[in-house]
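Read through the structure below, which is laid out as structure tokens, and then see the notes.
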Amino acid sequence: MYTNATSSVLLTLETLGLPNRYIYPAFLFGTLTYLFVMFCNMLVLTTIACRANLHKPMFILLFNLPISDMLGATALFPQLVYSIVTQNRLISFPACVIQALLAHIYGGGNVLTLTAMAYDRYIAICCPLKYNVIMTPHTLVKIIVSIWSINISLIVVQLSLLARLKICRANVVDLYCNNPSIVKLTCDDTRVNNYYGLFTIFICQAGPLSVILYTYAQILHTCVMTNQPDARKKAIQTCGTHLVIYLVLEFSGFITLIGHRIKIVSPYIRRALGVTILVFPPILDPIIYGLKTKELKTGIKMFFKINVGS
């Protein structure tokens, strides 16, 4: 097979290797997991949208996280559960590109949103008197527009570079489509794609990581120096939750992306972590923020009380 990347060709995703007796339990588990992810993230979205007391910069920024999480879950689960029940790992090239688009928009969206939330917490804890002056509605709009415009622009350009390449292989080396695995299907010179891929890794990994490290170092210093134990506890709890979610996403994403470029990383580890990125953050984000963020937890309880209990 040697065809232009824009034509409709059938590709084969990495096999799941499920014994026959596990097919329907795996299908049921995958379907329920997807529905659970969508329900929890929609619950967070709806609660923030409907509760006026949550219309604050922190929660408006948090509002973007469930949107990103649902994109990530949709990138993986529908195609995965379909292939489980049909035992068919074939996927068309356009569907593969769409899956990669959703997966990468999810990854970039989560990292950039968490970075913006870290900046918000930095201003709230380290510069509380300037918070309302800095985090104005106009500033929030600029931050949110920047998150999605930078994210989508980087990914669209990245995947658009595939259009000039010719496909000469049909076996995708991962359990779902992503840019590095699609590039490996070609026999053309992919140096431009690889260089741009490293550039996007730097923008979406090194840049946000620098902001996270700086803001949390300042937050930690402020928390240590404060004489108010309650304020210190609340700040550490909020930021600790945020940091755990960020580190899980950052570690899994970095190993997965670098694993395509450094051969010493086991393909099994790369595939496992690649799936981890699309499974655990979308599940954990609404649960952790819903349980650990007091205002959001109260808002969810009130939402159920008004809409379910009535």
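Each chain in the structure tokens gets a letter, A, B, ..., in the order shown, and its residues are numbered from 1; ligands are numbered from 1 in order too.
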For Thr113 in chain A, work out the shell of residues within 9 Å, counting only C-alpha atoms and skipping chain neighbours fewer than 5 positions away, then give it as a VMD selection string.
chain A and resid 61 to 62 64 to 65 68 108 118 144 147
Mind dumping the selected residues with C-alpha atoms as a PDB file, in the first residue's frame?
```pdb
ATOM      1  CA  LEU A  61     -11.298  28.261  34.576  1.00  0.00           C
ATOM      2  CA  LEU A  62     -12.208  24.854  36.039  1.00  0.00           C
ATOM      3  CA  ASN A  64     -12.861  24.193  30.795  1.00  0.00           C
ATOM      4  CA  LEU A  65     -11.445  21.028  32.357  1.00  0.00           C
ATOM      5  CA  SER A  68     -11.457  18.824  27.702  1.00  0.00           C
ATOM      6  CA  GLY A 108      -3.144  20.246  25.450  1.00  0.00           C
ATOM      7  CA  ALA A 118      -2.188  27.475  38.932  1.00  0.00           C
ATOM      8  CA  ILE A 144      -9.701  31.099  28.120  1.00  0.00           C
ATOM      9  CA  ILE A 147      -5.980  28.344  26.052  1.00  0.00           C
TER      10      ILE A 147
END
```
Could you find all residues in range 97-294 of chain A that DSSP calls alpha helix (DSSP H) from the backbone, and write them as a PyMOL selection string?
chain A and resi 97-126+131-134+137-160+179-183+191-201+207-225+229-259+267-292+294
Contacts of Leu159 in chain A at 9 Å or less, counting only C-alpha atoms, minus same-chain residues fewer than 4 places along, as JSON, numbers by chain?
{"A": [97, 100, 101, 154, 155, 163, 179, 193]}
Just-selected residues, all heavy atoms written as an mmCIF file, in the first residue's frame:
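Below you can see result_3.cif, which holds the result:
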```cif
data_model
loop_
_atom_site.group_PDB
_atom_site.id
_atom_site.type_symbol
_atom_site.label_atom_id
_atom_site.label_comp_id
_atom_site.auth_asym_id
_atom_site.auth_seq_id
_atom_site.Cartn_x
_atom_site.Cartn_y
_atom_site.Cartn_z
ATOM 1 N N VAL A 97 -7.481 10.236 12.060
ATOM 2 C CA VAL A 97 -7.055 11.629 12.232
ATOM 3 C C VAL A 97 -7.967 12.353 13.212
ATOM 4 O O VAL A 97 -7.502 13.121 14.067
ATOM 5 C CB VAL A 97 -7.017 12.362 10.879
ATOM 6 C CG1 VAL A 97 -6.778 13.855 11.075
ATOM 7 C CG2 VAL A 97 -5.928 11.781 9.985
ATOM 8 N N ALA A 100 -7.074 11.239 16.673
ATOM 9 C CA ALA A 100 -5.836 11.901 17.098
ATOM 10 C C ALA A 100 -6.086 13.364 17.442
ATOM 11 O O ALA A 100 -5.547 13.890 18.427
ATOM 12 C CB ALA A 100 -4.779 11.792 15.991
ATOM 13 N N LEU A 101 -6.923 14.035 16.648
ATOM 14 C CA LEU A 101 -7.252 15.444 16.896
ATOM 15 C C LEU A 101 -7.888 15.613 18.271
ATOM 16 O O LEU A 101 -7.468 16.472 19.061
ATOM 17 C CB LEU A 101 -8.187 15.952 15.802
ATOM 18 C CG LEU A 101 -8.671 17.400 15.932
ATOM 19 C CD1 LEU A 101 -7.519 18.371 15.742
ATOM 20 C CD2 LEU A 101 -9.780 17.682 14.921
ATOM 21 N N LEU A 154 -2.056 24.715 17.470
ATOM 22 C CA LEU A 154 -0.889 23.829 17.470
ATOM 23 C C LEU A 154 -1.238 22.449 16.918
ATOM 24 O O LEU A 154 -0.493 21.884 16.113
ATOM 25 C CB LEU A 154 -0.334 23.693 18.891
ATOM 26 C CG LEU A 154 0.413 24.888 19.479
ATOM 27 C CD1 LEU A 154 0.741 24.638 20.947
ATOM 28 C CD2 LEU A 154 1.704 25.153 18.698
ATOM 29 N N ILE A 155 -2.378 21.903 17.349
ATOM 30 C CA ILE A 155 -2.749 20.543 16.950
ATOM 31 C C ILE A 155 -3.188 20.494 15.489
ATOM 32 O O ILE A 155 -2.835 19.553 14.764
ATOM 33 C CB ILE A 155 -3.862 19.990 17.865
ATOM 34 C CG1 ILE A 155 -3.419 20.053 19.327
ATOM 35 C CG2 ILE A 155 -4.214 18.566 17.471
ATOM 36 C CD1 ILE A 155 -2.073 19.419 19.608
ATOM 37 N N ALA A 163 -0.822 15.831 5.668
ATOM 38 C CA ALA A 163 -1.460 15.816 4.347
ATOM 39 C C ALA A 163 -0.445 15.694 3.219
ATOM 40 O O ALA A 163 -0.762 15.180 2.142
ATOM 41 C CB ALA A 163 -2.304 17.080 4.167
ATOM 42 N N ASN A 179 -0.740 11.513 16.824
ATOM 43 C CA ASN A 179 0.133 12.037 15.782
ATOM 44 C C ASN A 179 1.410 11.210 15.581
ATOM 45 O O ASN A 179 1.744 10.860 14.445
ATOM 46 C CB ASN A 179 0.488 13.499 16.086
ATOM 47 C CG ASN A 179 1.369 14.104 15.014
ATOM 48 O OD1 ASN A 179 0.956 14.271 13.880
ATOM 49 N ND2 ASN A 179 2.610 14.410 15.364
ATOM 50 N N ASN A 193 7.808 17.139 10.470
ATOM 51 C CA ASN A 193 6.809 16.700 11.449
ATOM 52 C C ASN A 193 7.435 16.473 12.820
ATOM 53 O O ASN A 193 6.865 16.857 13.848
ATOM 54 C CB ASN A 193 6.140 15.403 10.984
ATOM 55 C CG ASN A 193 5.402 15.575 9.669
ATOM 56 O OD1 ASN A 193 6.024 15.770 8.626
ATOM 57 N ND2 ASN A 193 4.083 15.503 9.706
#
```
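Atom to atom, CA of Asp174 in chain A and CA of Arg21 in chain A stand 23.5 Å apart.
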Shortest interatomic distance to Ala272 in chain A - which of A:Leu16, A:Pro78, A:Pro137, A:Pro57, counting only C-alpha atoms:
A:Leu16
Would you return as number ranges by chain the members of range 35-226 of chain A that DSSP assigns to strand (DSSP E) on this structure's backbone?
A: 90-92, 166-167
With a distance cut-off of 9 Å and only C-alpha atoms, select the neighbouring residues of range 33-46 of chain A, excluding the residue or stretch itself and same-chain residues fewer than 6 positions from it, and output the selection as a list of chain:residue names.
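Here the qualifying residues turn out to be A:Leu62, A:Phe63, A:Asn64, A:Leu65, A:Pro66, A:Ile67, A:Asp69, A:Met70, A:Ala73, A:Thr74, A:Phe77, A:Pro78, A:Val279, A:Pro282, A:Ile283, A:Leu284, A:Asp285, A:Pro286, A:Ile287, A:Tyr289, A:Gly290, A:Leu296, A:Ile300, A:Phe303.
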Could you please take those selected residues and save N, CA, C and O atoms as an mmCIF file, in the first residue's frame?
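Produced file part-v3.cif, reproduced below:
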```
data_model
loop_
_atom_site.group_PDB
_atom_site.id
_atom_site.type_symbol
_atom_site.label_atom_id
_atom_site.label_comp_id
_atom_site.auth_asym_id
_atom_site.auth_seq_id
_atom_site.Cartn_x
_atom_site.Cartn_y
_atom_site.Cartn_z
ATOM 1 N N LEU A 62 -11.951 26.285 35.844
ATOM 2 C CA LEU A 62 -12.208 24.854 36.039
ATOM 3 C C LEU A 62 -13.262 24.347 35.053
ATOM 4 O O LEU A 62 -13.226 23.179 34.643
ATOM 5 N N PHE A 63 -14.178 25.206 34.643
ATOM 6 C CA PHE A 63 -15.244 24.848 33.709
ATOM 7 C C PHE A 63 -14.674 24.255 32.414
ATOM 8 O O PHE A 63 -15.317 23.414 31.764
ATOM 9 N N ASN A 64 -13.478 24.674 32.036
ATOM 10 C CA ASN A 64 -12.861 24.193 30.795
ATOM 11 C C ASN A 64 -12.327 22.767 30.919
ATOM 12 O O ASN A 64 -12.181 22.077 29.911
ATOM 13 N N LEU A 65 -12.037 22.347 32.148
ATOM 14 C CA LEU A 65 -11.445 21.028 32.357
ATOM 15 C C LEU A 65 -12.408 19.889 31.997
ATOM 16 O O LEU A 65 -12.007 18.954 31.292
ATOM 17 N N PRO A 66 -13.670 19.910 32.452
ATOM 18 C CA PRO A 66 -14.599 18.846 32.043
ATOM 19 C C PRO A 66 -14.834 18.794 30.536
ATOM 20 O O PRO A 66 -15.012 17.707 29.977
ATOM 21 N N ILE A 67 -14.833 19.954 29.890
ATOM 22 C CA ILE A 67 -14.996 19.962 28.428
ATOM 23 C C ILE A 67 -13.849 19.202 27.785
ATOM 24 O O ILE A 67 -14.048 18.336 26.915
ATOM 25 N N ASP A 69 -11.890 17.001 29.267
ATOM 26 C CA ASP A 69 -11.947 15.594 29.678
ATOM 27 C C ASP A 69 -12.940 14.791 28.833
ATOM 28 O O ASP A 69 -12.686 13.638 28.478
ATOM 29 N N MET A 70 -14.077 15.389 28.515
ATOM 30 C CA MET A 70 -15.072 14.684 27.705
ATOM 31 C C MET A 70 -14.574 14.472 26.275
ATOM 32 O O MET A 70 -14.880 13.445 25.652
ATOM 33 N N ALA A 73 -12.157 11.445 26.603
ATOM 34 C CA ALA A 73 -12.889 10.183 26.758
ATOM 35 C C ALA A 73 -13.555 9.777 25.447
ATOM 36 O O ALA A 73 -13.568 8.598 25.078
ATOM 37 N N THR A 74 -14.091 10.754 24.720
ATOM 38 C CA THR A 74 -14.745 10.469 23.440
ATOM 39 C C THR A 74 -13.737 10.040 22.381
ATOM 40 O O THR A 74 -14.079 9.274 21.472
ATOM 41 N N PHE A 77 -13.061 5.951 24.063
ATOM 42 C CA PHE A 77 -14.016 4.916 24.446
ATOM 43 C C PHE A 77 -14.971 4.458 23.340
ATOM 44 O O PHE A 77 -15.166 3.239 23.180
ATOM 45 N N PRO A 78 -15.623 5.345 22.566
ATOM 46 C CA PRO A 78 -16.567 4.839 21.552
ATOM 47 C C PRO A 78 -15.918 3.865 20.567
ATOM 48 O O PRO A 78 -16.469 2.792 20.295
ATOM 49 N N VAL A 279 -7.853 7.788 30.254
ATOM 50 C CA VAL A 279 -8.794 7.115 31.149
ATOM 51 C C VAL A 279 -8.842 7.775 32.525
ATOM 52 O O VAL A 279 -9.905 8.204 32.989
ATOM 53 N N PRO A 282 -9.816 11.977 33.068
ATOM 54 C CA PRO A 282 -11.248 12.266 32.921
ATOM 55 C C PRO A 282 -12.115 11.668 34.023
ATOM 56 O O PRO A 282 -13.190 12.193 34.323
ATOM 57 N N ILE A 283 -11.648 10.549 34.626
ATOM 58 C CA ILE A 283 -12.390 9.959 35.739
ATOM 59 C C ILE A 283 -12.089 10.700 37.038
ATOM 60 O O ILE A 283 -12.995 11.027 37.813
ATOM 61 N N LEU A 284 -10.801 10.970 37.276
ATOM 62 C CA LEU A 284 -10.372 11.522 38.564
ATOM 63 C C LEU A 284 -10.672 13.013 38.711
ATOM 64 O O LEU A 284 -10.967 13.470 39.818
ATOM 65 N N ASP A 285 -10.584 13.774 37.618
ATOM 66 C CA ASP A 285 -10.764 15.230 37.711
ATOM 67 C C ASP A 285 -12.073 15.626 38.387
ATOM 68 O O ASP A 285 -12.069 16.371 39.380
ATOM 69 N N PRO A 286 -13.231 15.169 37.876
ATOM 70 C CA PRO A 286 -14.492 15.589 38.527
ATOM 71 C C PRO A 286 -14.649 15.026 39.930
ATOM 72 O O PRO A 286 -15.245 15.682 40.791
ATOM 73 N N ILE A 287 -14.116 13.809 40.178
ATOM 74 C CA ILE A 287 -14.240 13.209 41.507
ATOM 75 C C ILE A 287 -13.397 13.982 42.515
ATOM 76 O O ILE A 287 -13.872 14.366 43.593
ATOM 77 N N TYR A 289 -11.985 17.083 42.275
ATOM 78 C CA TYR A 289 -12.421 18.468 42.471
ATOM 79 C C TYR A 289 -13.779 18.526 43.156
ATOM 80 O O TYR A 289 -14.051 19.423 43.954
ATOM 81 N N GLY A 290 -14.655 17.538 42.857
ATOM 82 C CA GLY A 290 -15.970 17.510 43.483
ATOM 83 C C GLY A 290 -15.912 17.202 44.965
ATOM 84 O O GLY A 290 -16.719 17.706 45.748
ATOM 85 N N LEU A 296 -17.564 23.628 45.438
ATOM 86 C CA LEU A 296 -18.105 22.811 44.357
ATOM 87 C C LEU A 296 -18.871 21.618 44.919
ATOM 88 O O LEU A 296 -19.944 21.258 44.410
ATOM 89 N N ILE A 300 -22.770 20.847 44.179
ATOM 90 C CA ILE A 300 -23.277 19.591 43.620
ATOM 91 C C ILE A 300 -24.394 19.033 44.490
ATOM 92 O O ILE A 300 -25.423 18.562 43.993
ATOM 93 N N PHE A 303 -27.434 21.063 43.884
ATOM 94 C CA PHE A 303 -27.970 20.759 42.559
ATOM 95 C C PHE A 303 -28.840 19.514 42.600
ATOM 96 O O PHE A 303 -29.946 19.476 42.051
#
```
Top pick for closest residue to Phe59 in chain A, considering A:Leu209, A:Ile203, A:Leu129, A:Ala116 and counting only C-alpha atoms
A:Ala116
Option closest in space to Gly274 in chain A, from A:Lys184, A:Leu18, A:Phe254, A:Asn194 [counting only C-alpha atoms]
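Result for the nearest residue to Gly274 in chain A: A:Phe254.
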